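work_27.txt (compact mmCIF, C-alpha atoms) appears below.
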```
# COMPACT_ATOMS: atom_id res chain seq x y z
CA MET A 265 0.62 10.23 -1.80
CA GLY A 266 -2.84 10.32 -3.36
CA ASP A 267 -4.66 7.73 -5.44
CA CYS A 268 -3.46 8.62 -8.97
CA HIS A 269 -1.42 5.41 -9.18
CA LEU A 270 -4.64 3.39 -8.72
CA ILE A 271 -7.28 5.21 -10.75
CA GLU A 272 -8.52 3.95 -14.12
CA GLU A 273 -9.87 6.30 -16.81
CA GLN A 274 -12.86 5.44 -19.02
CA LEU A 275 -12.01 5.55 -22.73
CA ALA A 276 -15.17 4.01 -24.22
CA SER A 277 -18.42 2.44 -23.01
CA ASN A 278 -20.58 -0.20 -24.68
CA GLU A 279 -24.08 -1.10 -23.46
CA LEU A 280 -24.55 -4.87 -23.25
CA PHE A 281 -28.00 -5.28 -21.75
CA LYS A 282 -30.84 -3.17 -20.36
CA GLY A 283 -33.55 -4.87 -18.32
CA ASP A 284 -36.21 -3.78 -15.83
CA LEU A 285 -33.68 -3.84 -12.98
CA LEU A 286 -30.15 -4.25 -14.33
CA HIS A 287 -28.18 -2.28 -16.91
CA ALA A 288 -24.91 -3.90 -18.05
CA PHE A 289 -21.91 -2.24 -19.71
CA ARG A 290 -18.47 -3.19 -21.05
CA ASP A 291 -16.05 -0.28 -20.84
CA THR A 292 -12.56 0.21 -22.18
CA VAL A 293 -10.35 1.83 -19.54
CA LYS A 294 -6.87 3.28 -19.43
CA LEU A 295 -4.83 1.72 -16.62
CA PRO A 296 -2.51 3.68 -14.31
CA ASP A 297 0.52 2.31 -16.18
CA GLY A 298 -0.84 3.48 -19.54
CA GLY A 299 -2.16 0.11 -20.71
CA THR A 300 -5.81 -0.64 -21.48
CA ALA A 301 -8.30 -3.20 -20.19
CA PHE A 302 -11.99 -4.05 -20.30
CA ARG A 303 -14.35 -3.66 -17.33
CA GLU A 304 -17.79 -5.28 -17.33
CA TYR A 305 -20.22 -4.01 -14.71
CA VAL A 306 -23.89 -3.59 -13.85
CA VAL A 307 -25.57 -0.29 -13.05
CA HIS A 308 -28.08 -0.70 -10.20
CA PRO A 309 -30.50 1.95 -8.81
CA GLY A 310 -29.57 1.28 -5.18
CA ALA A 311 -31.53 -0.26 -2.34
CA VAL A 312 -32.27 -0.26 1.37
CA VAL A 313 -32.14 -2.90 4.08
CA ILE A 314 -34.10 -2.54 7.32
CA VAL A 315 -33.27 -3.88 10.79
CA PRO A 316 -36.69 -3.91 12.54
CA LEU A 317 -36.42 -4.09 16.33
CA THR A 318 -39.24 -5.31 18.55
CA MET A 319 -39.88 -6.96 21.93
CA ASP A 320 -41.63 -10.20 22.78
CA ALA A 321 -44.13 -10.63 25.63
CA ALA A 322 -41.30 -11.28 28.07
CA GLY A 323 -39.54 -8.04 27.11
CA GLU A 324 -36.75 -9.77 25.17
CA ALA A 325 -35.38 -7.98 22.11
CA ARG A 326 -36.17 -9.56 18.75
CA VAL A 327 -35.62 -8.70 15.09
CA VAL A 328 -38.00 -9.17 12.19
CA LEU A 329 -36.63 -11.37 9.40
CA GLU A 330 -37.82 -12.97 6.19
CA ARG A 331 -37.39 -16.28 4.40
CA GLN A 332 -37.50 -15.94 0.63
CA PHE A 333 -36.57 -18.14 -2.33
CA ARG A 334 -33.82 -16.54 -4.39
CA TYR A 335 -33.91 -17.89 -7.92
CA PRO A 336 -30.25 -17.30 -8.94
CA LEU A 337 -29.08 -19.40 -5.97
CA GLY A 338 -31.95 -21.86 -6.08
CA GLN A 339 -32.52 -21.77 -2.33
CA VAL A 340 -34.52 -20.13 0.44
CA MET A 341 -32.51 -17.40 2.19
CA ILE A 342 -32.90 -15.75 5.61
CA GLU A 343 -32.76 -11.98 5.18
CA PHE A 344 -33.67 -8.66 6.70
CA PRO A 345 -36.47 -6.82 4.82
CA ALA A 346 -35.04 -4.92 1.86
CA GLY A 347 -35.87 -3.46 -1.52
CA LYS A 348 -34.66 -1.28 -4.36
CA LEU A 349 -35.08 2.45 -4.68
CA ASP A 350 -37.56 3.94 -7.11
CA PRO A 351 -36.15 6.76 -9.29
CA GLY A 352 -35.49 9.83 -7.14
CA GLU A 353 -36.85 8.18 -4.00
CA ASP A 354 -35.57 9.19 -0.56
CA THR A 355 -33.96 6.20 1.15
CA LEU A 356 -36.01 6.59 4.35
CA VAL A 357 -39.23 6.71 2.34
CA CYS A 358 -38.09 3.57 0.53
CA ALA A 359 -37.28 1.84 3.83
CA GLN A 360 -40.68 2.72 5.26
CA ARG A 361 -42.42 1.50 2.11
CA GLU A 362 -40.50 -1.77 1.90
CA LEU A 363 -41.00 -2.59 5.60
CA LEU A 364 -44.75 -2.07 5.26
CA GLU A 365 -45.09 -3.89 1.94
CA GLU A 366 -43.05 -6.93 2.93
CA THR A 367 -43.90 -7.37 6.62
CA GLY A 368 -46.98 -5.26 7.33
CA PHE A 369 -45.09 -3.36 10.04
CA SER A 370 -44.76 0.39 10.31
CA ALA A 371 -42.36 2.04 12.75
CA THR A 372 -42.53 5.17 14.88
CA GLN A 373 -38.77 5.76 14.92
CA TRP A 374 -35.97 5.30 12.40
CA ALA A 375 -32.19 5.59 12.44
CA HIS A 376 -29.80 5.59 9.49
CA ALA A 377 -26.81 3.34 10.19
CA GLY A 378 -24.62 3.42 7.09
CA ARG A 379 -24.09 2.41 3.49
CA LEU A 380 -22.65 -0.77 2.04
CA HIS A 381 -21.46 -1.66 -1.47
CA PRO A 382 -22.14 -5.39 -1.83
CA LEU A 383 -20.63 -6.03 -5.27
CA ILE A 384 -17.77 -3.58 -5.75
CA SER A 385 -16.02 -5.52 -8.52
CA TYR A 386 -18.95 -5.56 -10.94
CA SER A 387 -21.87 -3.38 -9.80
CA THR A 388 -22.64 0.20 -8.80
CA GLU A 389 -25.19 -1.04 -6.26
CA PHE A 390 -25.28 0.59 -2.83
CA ILE A 391 -27.54 -0.37 0.08
CA GLU A 392 -28.52 2.05 2.83
CA ILE A 393 -28.94 0.42 6.26
CA TRP A 394 -31.88 1.65 8.33
CA PHE A 395 -32.95 0.59 11.83
CA ALA A 396 -36.64 0.75 12.81
CA ARG A 397 -38.30 0.53 16.23
CA GLY A 398 -41.70 1.18 17.74
CA LEU A 399 -43.19 -1.38 15.36
CA ARG A 400 -46.92 -1.44 14.73
CA PRO A 401 -48.40 -4.50 12.99
CA GLY A 402 -50.53 -4.25 9.89
CA LYS A 403 -51.23 -6.02 6.62
CA SER A 404 -48.40 -6.70 4.20
CA ARG A 405 -48.71 -5.59 0.56
CA LEU A 406 -46.51 -7.98 -1.39
CA ASP A 407 -45.86 -7.38 -5.06
CA GLN A 408 -47.45 -9.75 -7.55
CA GLY A 409 -45.28 -12.86 -7.76
CA GLU A 410 -43.58 -12.16 -4.42
CA PHE A 411 -43.74 -14.88 -1.77
CA LEU A 412 -42.02 -14.82 1.63
CA ASP A 413 -42.36 -15.83 5.27
CA VAL A 414 -42.01 -13.19 7.99
CA PHE A 415 -40.77 -14.26 11.43
CA THR A 416 -38.86 -12.95 14.44
CA ALA A 417 -35.69 -14.13 16.13
CA THR A 418 -33.48 -12.97 18.97
CA PRO A 419 -30.28 -11.16 18.02
CA ALA A 420 -28.35 -14.09 19.52
CA GLN A 421 -30.16 -16.53 17.23
CA LEU A 422 -29.44 -14.37 14.19
CA LEU A 423 -25.76 -14.06 15.05
CA GLN A 424 -25.50 -17.83 15.53
CA TRP A 425 -27.08 -18.38 12.09
CA CYS A 426 -24.49 -15.98 10.66
CA CYS A 427 -21.73 -17.90 12.40
CA ASP A 428 -22.82 -21.37 11.28
CA GLY A 429 -23.57 -20.42 7.68
CA GLN A 430 -27.36 -20.46 7.72
CA VAL A 431 -27.28 -16.74 6.89
CA THR A 432 -25.03 -15.93 3.94
CA ASP A 433 -26.82 -12.93 2.42
CA GLY A 434 -24.30 -10.07 2.34
CA LYS A 435 -26.64 -7.24 3.33
CA THR A 436 -28.01 -9.27 6.25
CA LEU A 437 -24.50 -10.14 7.45
CA THR A 438 -23.51 -6.46 7.34
CA ALA A 439 -26.72 -5.39 9.09
CA ALA A 440 -26.11 -8.07 11.74
CA LEU A 441 -22.67 -6.54 12.37
CA TRP A 442 -24.34 -3.19 12.90
CA LEU A 443 -26.95 -4.79 15.16
CA GLN A 444 -24.30 -6.48 17.31
CA ASN A 445 -22.36 -3.24 17.78
CA VAL A 446 -25.45 -1.12 18.42
CA LEU A 447 -26.74 -3.52 21.07
CA SER A 448 -23.31 -3.64 22.75
CA GLY A 449 -23.16 0.17 22.83
CA ALA A 450 -20.02 0.30 20.68
CA TRP A 451 -21.81 2.04 17.79
CA GLN A 452 -24.41 4.77 18.24
CA LEU A 453 -27.55 5.54 16.23
CA ASN A 454 -29.32 8.87 15.82
CA TRP A 455 -33.02 8.02 16.13
CA GLN A 456 -35.66 10.22 14.52
CA ASP A 457 -39.43 10.20 14.39
CA ALA A 458 -40.98 8.55 11.35
CA GLY A 459 -42.24 11.82 9.92
CA ILE A 460 -38.77 13.43 9.76
CA HIS A 461 -37.19 12.45 6.45
CA ARG A 462 -33.47 12.52 5.85
CA ILE A 463 -32.15 12.19 2.32
CA THR A 464 -29.19 9.80 2.20
CA GLY A 465 -29.17 8.41 -1.32
```
How does this structure look as C-alpha cells?
Amino acid sequence: MGDCHLIEEQLASNELFKGDLLHAFRDTVKLPDGGTAFREYVVHPGAVVIVPLTMDAAGEARVVLERQFRYPLGQVMIEFPAGKLDPGEDTLVCAQRELLEETGFSATQWAHAGRLHPLISYSTEFIEIWFARGLRPGKSRLDQGEFLDVFTATPAQLLQWCCDGQVTDGKTLTAALWLQNVLSGAWQLNWQDAGIHRITG
C-alpha cells in the first residue's frame, strides 16, 4: 500500500529562533489530501544516553545514575548519564566523553543498543542508547554551571522507580526497558572493546 497517503510535503520554511542548542522553524506543508497546514518544530543535534553497568562488593549488579535539577520542569530528576553530540561526533565517542565528564567513569567495553526519538511531534532529536561495562572510576569533569549527584542502584530499584513515577525522564525509561530485556536474556547486545569505534549517528 505504501505511505503516500500519510506523507506531508514541505512548501515553505520560516526560521523562528536559533540558540546555542535549539533551532526552531515554522513550515508550511502540503497535506496528503491537498490542503495545507503549519508545522512548528525544533532541530536538535542528537544525543546519547549511557547505561553503565557495575557490580557491588557482594557481586550484585548495579547501574550508575544521576540526580540533576532540570530547569524547565523545576525539579530534580533521576536519569542515566547523557549528553548531546558535538558537530560530526561519533556517537560512541560522545558516549565515552559524557560518561567520563559526568560520572568520572570510563569503561572497557561498550555495546550499542538502539535509537529513540523522544519528541517526534515537534523535534528532530534522536538519542543513541549505549551500554557500558568494565567501569573504572576517575574524576568527573563537569561543565561550568553543571551540578549533579552520581549514585548507583540495583536494576530492581530502578524499575520500581519507573513503575511508581519517581523516574519519568523519557530516555531513562526507554533505557530501563532495554536494561530489563538485556538482563532477562530476551534482547542481545554486541559488546566491543572501548577502542573499537562504530559510527551510528
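Each of A:Leu422, A:Ala301, A:Leu406, A:Leu453 was checked against Leu364 of chain A using all atoms listed in the file; the smallest atom-to-atom distance is that of A:Leu406.
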12 Å contact set for Asp457 of chain A, all atoms listed in the file, chain neighbours under 3 positions out, as a VMD selection string: chain A and resid 356 360 370 to 376 395 to 398 454 460 to 462
Distance query segment 309-313 of chain A at most 6 Å, all atoms listed in the file, self and fewer than 4 positions along chain excluded, as a VMD selection string: chain A and resid 345 to 349 359 389 to 393
Would you output that residue set with C-alpha atoms, as a short mmCIF file (atom, residue, chain, number, x, y, z; two decimals), in the coordinates of the input?
```cif
data_model
loop_
_atom_site.label_atom_id
_atom_site.label_comp_id
_atom_site.auth_asym_id
_atom_site.auth_seq_id
_atom_site.Cartn_x
_atom_site.Cartn_y
_atom_site.Cartn_z
CA PRO A 345 -36.47 -6.82 4.82
CA ALA A 346 -35.04 -4.92 1.86
CA GLY A 347 -35.87 -3.46 -1.52
CA LYS A 348 -34.66 -1.28 -4.36
CA LEU A 349 -35.08 2.45 -4.68
CA ALA A 359 -37.28 1.84 3.83
CA GLU A 389 -25.19 -1.04 -6.26
CA PHE A 390 -25.28 0.59 -2.83
CA ILE A 391 -27.54 -0.37 0.08
CA GLU A 392 -28.52 2.05 2.83
CA ILE A 393 -28.94 0.42 6.26
#
```
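Proximity of A:Leu423, A:Asp428, A:Phe289, A:Pro316 to Leu441 of chain A, computed with all atoms listed in the file, is greatest for A:Leu423.
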Among the residues A:Gly434, A:Gly368, A:Gly298, A:Pro419, the one that comes closest to Val327 of chain A [using only C-alpha atoms]: A:Pro419
For a quick check of your reading of the model, name the residues lying within 12 Å of the coordinate (-24.3, -14.4, 14.5), counting all atoms listed in the file, and write them as a PDB file with C-alpha atoms, keeping the file's coordinate frame.
```pdb
ATOM      1  CA  ALA A 417     -35.690 -14.130  16.130  1.00  0.00           C
ATOM      2  CA  THR A 418     -33.480 -12.970  18.970  1.00  0.00           C
ATOM      3  CA  PRO A 419     -30.280 -11.160  18.020  1.00  0.00           C
ATOM      4  CA  ALA A 420     -28.350 -14.090  19.520  1.00  0.00           C
ATOM      5  CA  GLN A 421     -30.160 -16.530  17.230  1.00  0.00           C
ATOM      6  CA  LEU A 422     -29.440 -14.370  14.190  1.00  0.00           C
ATOM      7  CA  LEU A 423     -25.760 -14.060  15.050  1.00  0.00           C
ATOM      8  CA  GLN A 424     -25.500 -17.830  15.530  1.00  0.00           C
ATOM      9  CA  TRP A 425     -27.080 -18.380  12.090  1.00  0.00           C
ATOM     10  CA  CYS A 426     -24.490 -15.980  10.660  1.00  0.00           C
ATOM     11  CA  CYS A 427     -21.730 -17.900  12.400  1.00  0.00           C
ATOM     12  CA  ASP A 428     -22.820 -21.370  11.280  1.00  0.00           C
ATOM     13  CA  GLY A 429     -23.570 -20.420   7.680  1.00  0.00           C
ATOM     14  CA  GLN A 430     -27.360 -20.460   7.720  1.00  0.00           C
ATOM     15  CA  VAL A 431     -27.280 -16.740   6.890  1.00  0.00           C
ATOM     16  CA  THR A 432     -25.030 -15.930   3.940  1.00  0.00           C
ATOM     17  CA  THR A 436     -28.010  -9.270   6.250  1.00  0.00           C
ATOM     18  CA  LEU A 437     -24.500 -10.140   7.450  1.00  0.00           C
ATOM     19  CA  THR A 438     -23.510  -6.460   7.340  1.00  0.00           C
ATOM     20  CA  ALA A 439     -26.720  -5.390   9.090  1.00  0.00           C
ATOM     21  CA  ALA A 440     -26.110  -8.070  11.740  1.00  0.00           C
ATOM     22  CA  LEU A 441     -22.670  -6.540  12.370  1.00  0.00           C
ATOM     23  CA  TRP A 442     -24.340  -3.190  12.900  1.00  0.00           C
ATOM     24  CA  LEU A 443     -26.950  -4.790  15.160  1.00  0.00           C
ATOM     25  CA  GLN A 444     -24.300  -6.480  17.310  1.00  0.00           C
ATOM     26  CA  ASN A 445     -22.360  -3.240  17.780  1.00  0.00           C
TER      27      ASN A 445
END
```
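Of the residues under consideration (A:Met265, A:His308, A:Val414, A:Trp451), A:His308 shows the shortest atom-to-atom contact distance to Pro351 of chain A when counting only C-alpha atoms.
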For segment 339-347 of chain A, take all atoms listed in the file, fit an axis-aligned box around them, add 6 Å to each of the six sides, then output centre and edge lengths in Å rounded to one decimal, as JSON.
```
{"center_x": -34.5, "center_y": -12.6, "center_z": 2.2, "size_x": 16.0, "size_y": 30.3, "size_z": 21.0}
```
Length of the atom CA of Asp291 of chain A to atom CA of Ile384 of chain A vector [Å]: 15.5 Å
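If you measure from each of A:Glu279, A:Asp433, A:Asp267, A:Glu366 to Phe415 of chain A using all atoms listed in the file, the closest one turns out to be A:Glu366.
Using all atoms listed in the file, the nearest neighbour of Thr388 of chain A within the list A:Ala276, A:Val328, A:Leu447, A:Val306 is A:Val306.
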Gap from atom CA of Gln274 of chain A to atom CA of Asp297 of chain A - Å, one decimal: 14.0 Å
Close residues, Pro296 of chain A itself excluded, 7 Å, only C-alpha atoms, min 3 positions apart in chain, as a list in words: His269, Leu270, Ile271 and Glu272 of chain A
Separation of atom CA of Tyr335 of chain A from atom CA of Glu410 of chain A, in Å and rounded to one decimal: 11.8 Å
